[in-house]
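Colleague: Got a file for you: my_file-v6.cif, mmCIF, C-alpha atoms and all ligand atoms.
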```
data_input
loop_
_atom_site.label_atom_id
_atom_site.label_comp_id
_atom_site.auth_asym_id
_atom_site.auth_seq_id
_atom_site.Cartn_x
_atom_site.Cartn_y
_atom_site.Cartn_z
CA MET A 2 105.59 92.79 101.80
CA ALA A 3 107.84 95.22 100.04
CA LEU A 4 106.40 97.90 97.85
CA GLU A 5 105.71 96.35 94.53
CA MET A 6 105.29 98.19 91.29
CA ARG A 7 102.45 96.58 89.43
CA ASP A 8 102.73 96.15 85.73
CA VAL A 9 99.09 95.60 84.90
CA CYS A 10 96.07 97.80 85.48
CA GLU A 11 94.21 96.88 88.69
CA ARG A 12 90.84 97.68 87.16
CA CYS A 13 90.80 95.99 83.79
CA GLU A 14 93.75 93.70 84.61
CA THR A 15 94.60 93.50 80.96
CA ALA A 16 96.38 96.77 80.18
CA LYS A 17 100.11 96.27 80.43
CA LEU A 18 101.84 99.08 82.29
CA PRO A 19 105.60 98.79 81.85
CA TRP A 20 107.86 101.41 83.37
CA ASP A 21 107.91 103.65 80.34
CA ALA A 22 104.15 103.51 79.78
CA ALA A 23 101.78 106.25 80.83
CA ALA A 24 99.78 105.19 83.89
CA ARG A 25 97.80 106.54 86.82
CA ILE A 26 98.78 105.84 90.42
CA CYS A 27 97.39 106.84 93.81
CA SER A 28 99.39 107.54 96.95
CA TYR A 29 98.95 103.90 98.01
CA GLU A 30 100.40 102.75 94.71
CA CYS A 31 97.18 101.41 93.27
CA THR A 32 98.01 101.47 89.58
CA PHE A 33 95.67 101.86 86.65
CA CYS A 34 95.90 102.44 82.94
CA VAL A 35 95.11 105.91 81.64
CA PRO A 36 91.69 105.03 80.10
CA CYS A 37 90.56 103.45 83.39
CA GLY A 38 91.82 106.45 85.35
CA GLU A 39 89.83 108.78 83.15
CA ALA A 40 86.77 106.52 83.33
CA MET A 41 86.93 106.65 87.14
CA GLY A 42 87.31 110.43 87.18
CA GLU A 43 90.98 110.16 88.28
CA VAL A 44 89.85 108.83 91.68
CA CYS A 45 91.16 105.55 93.10
CA PRO A 46 88.27 103.11 93.71
CA ASN A 47 90.26 101.31 96.41
CA CYS A 48 91.18 104.18 98.72
CA GLY A 49 89.35 107.18 97.27
CA GLY A 50 92.65 108.95 96.66
CA GLU A 51 93.48 111.11 93.71
CA LEU A 52 95.08 109.39 90.76
CA VAL A 53 98.08 111.16 89.31
CA ALA A 54 100.41 110.46 86.43
CA ARG A 55 102.85 107.76 87.48
CA PRO A 56 106.43 108.99 87.44
CA THR A 57 108.64 107.11 85.07
CA ARG A 58 112.32 106.42 85.41
CA ALA A 59 114.14 109.03 83.39
CA PRO A 60 117.75 109.01 84.61
CA GLN A 61 119.06 110.72 81.50
CA GLN A 62 116.59 113.57 81.78
CA ALA A 63 117.24 113.98 85.51
CA GLY A 64 121.00 113.89 85.01
CA GLY A 65 120.76 116.48 82.28
CA ALA A 66 118.76 118.78 84.54
CA VAL A 67 121.28 118.42 87.36
CA HIS A 68 124.19 119.12 85.07
CA GLY A 69 122.38 122.12 83.69
CA VAL A 70 121.91 123.51 87.21
CA CYS A 71 125.56 122.86 88.06
CA ARG A 72 126.65 124.68 84.97
CA VAL A 73 124.51 127.70 85.85
CA LEU A 74 125.74 127.73 89.46
CA ARG A 75 129.35 127.53 88.34
CA TYR A 76 128.80 130.40 85.96
CA VAL A 77 127.23 132.53 88.67
CA ALA A 78 129.84 131.63 91.30
CA GLY A 79 132.77 132.05 88.95
CA GLY A 80 131.79 135.53 87.89
CA MET A 81 134.47 137.41 86.01
CA PRO A 82 137.69 135.45 85.47
ZN ZN B 1 92.72 99.58 82.96
ZN ZN B 2 94.38 103.68 95.94
#
```
Could I get this structure in the form of structure tokens?
Modeller:
Amino acid sequence: MALEMRDVCERCETAKLPWDAAARICSYECTFCVPCGEAMGEVCPNCGGELVARPTRAPQQAGGAVHGVCRVLRYVAGGMP
């Protein structure tokens, strides 16, 4: 079975967790809503792993960061004209 991003909380099974929503996830991709994560002490009940903030897709932010780095590198490498 391919890795599957769940879109509902595994604990309460009612909280919707779309990509842009804040969520908690463990290293085995057990996914929970933030209130459940806090209620469980940020520990996954399935595997005992630590729950961390689930990364969200932010291509615009990432692209901006990369371009910013490129600009700095070009400035440093270019030096005096
Ligand atoms: Zn929940
Ligand atoms: Zn887990």
Colleague: For a quick check of understanding, using all atoms listed in the file, which of A:Pro56, A:Pro36, A:Pro19, A:Gly49 has the smallest distance to ligand ZN 2 (chain B)?
Modeller: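 Nearest to ligand ZN 2 (chain B): A:Gly49.
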Colleague: So, counting only C-alpha atoms and all ligand atoms, which residue among A:Ile26, A:Ala16, A:Cys48, A:Ala40 is closest to ligand ZN 1 (chain B)?
Modeller: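 Checking each candidate against ligand ZN 1 (chain B), we get A:Ala16 as the closest.
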Colleague: What does the structure give for the distance between CA of Pro46 (chain A) and CA of Ala22 (chain A), in Å to one decimal?
Modeller: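 We find that CA of Pro46 (chain A) and CA of Ala22 (chain A) lie 21.1 Å from each other.
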Colleague: Could I get the residue neighbourhood of ligand ZN 1 (chain B) at 7 Å, counting only C-alpha atoms and all ligand atoms, as an MDAnalysis selection string?
Modeller: chainID A and resid 10:16 33:37
Colleague: To one decimal place in Å, what is the distance between CA of Trp20 (chain A) and CA of Gly50 (chain A)?
Modeller: 21.6 Å
Colleague: Return as JSON lines the residues of chain A lying at most 6 Å from ligand ZN 2 (chain B), together with the closest atom-to-atom pair for each and the distance in Å to one decimal, counting all atoms listed in the file, with rows in chain order and ascending residue number.
Modeller:
```
{"residue": "A:Cys27", "atom": "CA", "partner": "B:ZN2", "partner_atom": "ZN", "distance": 4.9}
{"residue": "A:Tyr29", "atom": "CA", "partner": "B:ZN2", "partner_atom": "ZN", "distance": 5.0}
{"residue": "A:Cys31", "atom": "CA", "partner": "B:ZN2", "partner_atom": "ZN", "distance": 4.5}
{"residue": "A:Cys45", "atom": "CA", "partner": "B:ZN2", "partner_atom": "ZN", "distance": 4.7}
{"residue": "A:Asn47", "atom": "CA", "partner": "B:ZN2", "partner_atom": "ZN", "distance": 4.8}
{"residue": "A:Cys48", "atom": "CA", "partner": "B:ZN2", "partner_atom": "ZN", "distance": 4.3}
{"residue": "A:Gly50", "atom": "CA", "partner": "B:ZN2", "partner_atom": "ZN", "distance": 5.6}
```
Colleague: Between CA of Lys17 (chain A) and CA of Val44 (chain A), measure the distance and give it in Å to one decimal.
Modeller: 19.7 Å
Colleague: Report, as lines of an AutoDock Vina configuration file, the axis-aligned box around all atoms of region 16-34 of chain A present in the file, extended by 6 Å on each side; give centre and edge lengths in Å to one decimal place.
Modeller:
```
center_x = 101.8
center_y = 101.9
center_z = 88.9
size_x = 24.2
size_y = 23.3
size_z = 30.2
```
Colleague: Hey, what's within 8 Å of Ala54 (chain A) if we count all atoms listed in the file and toss same-chain stuff fewer than 3 positions away? As a VMD selection string, please?
Modeller: chain A and resid 23 to 26
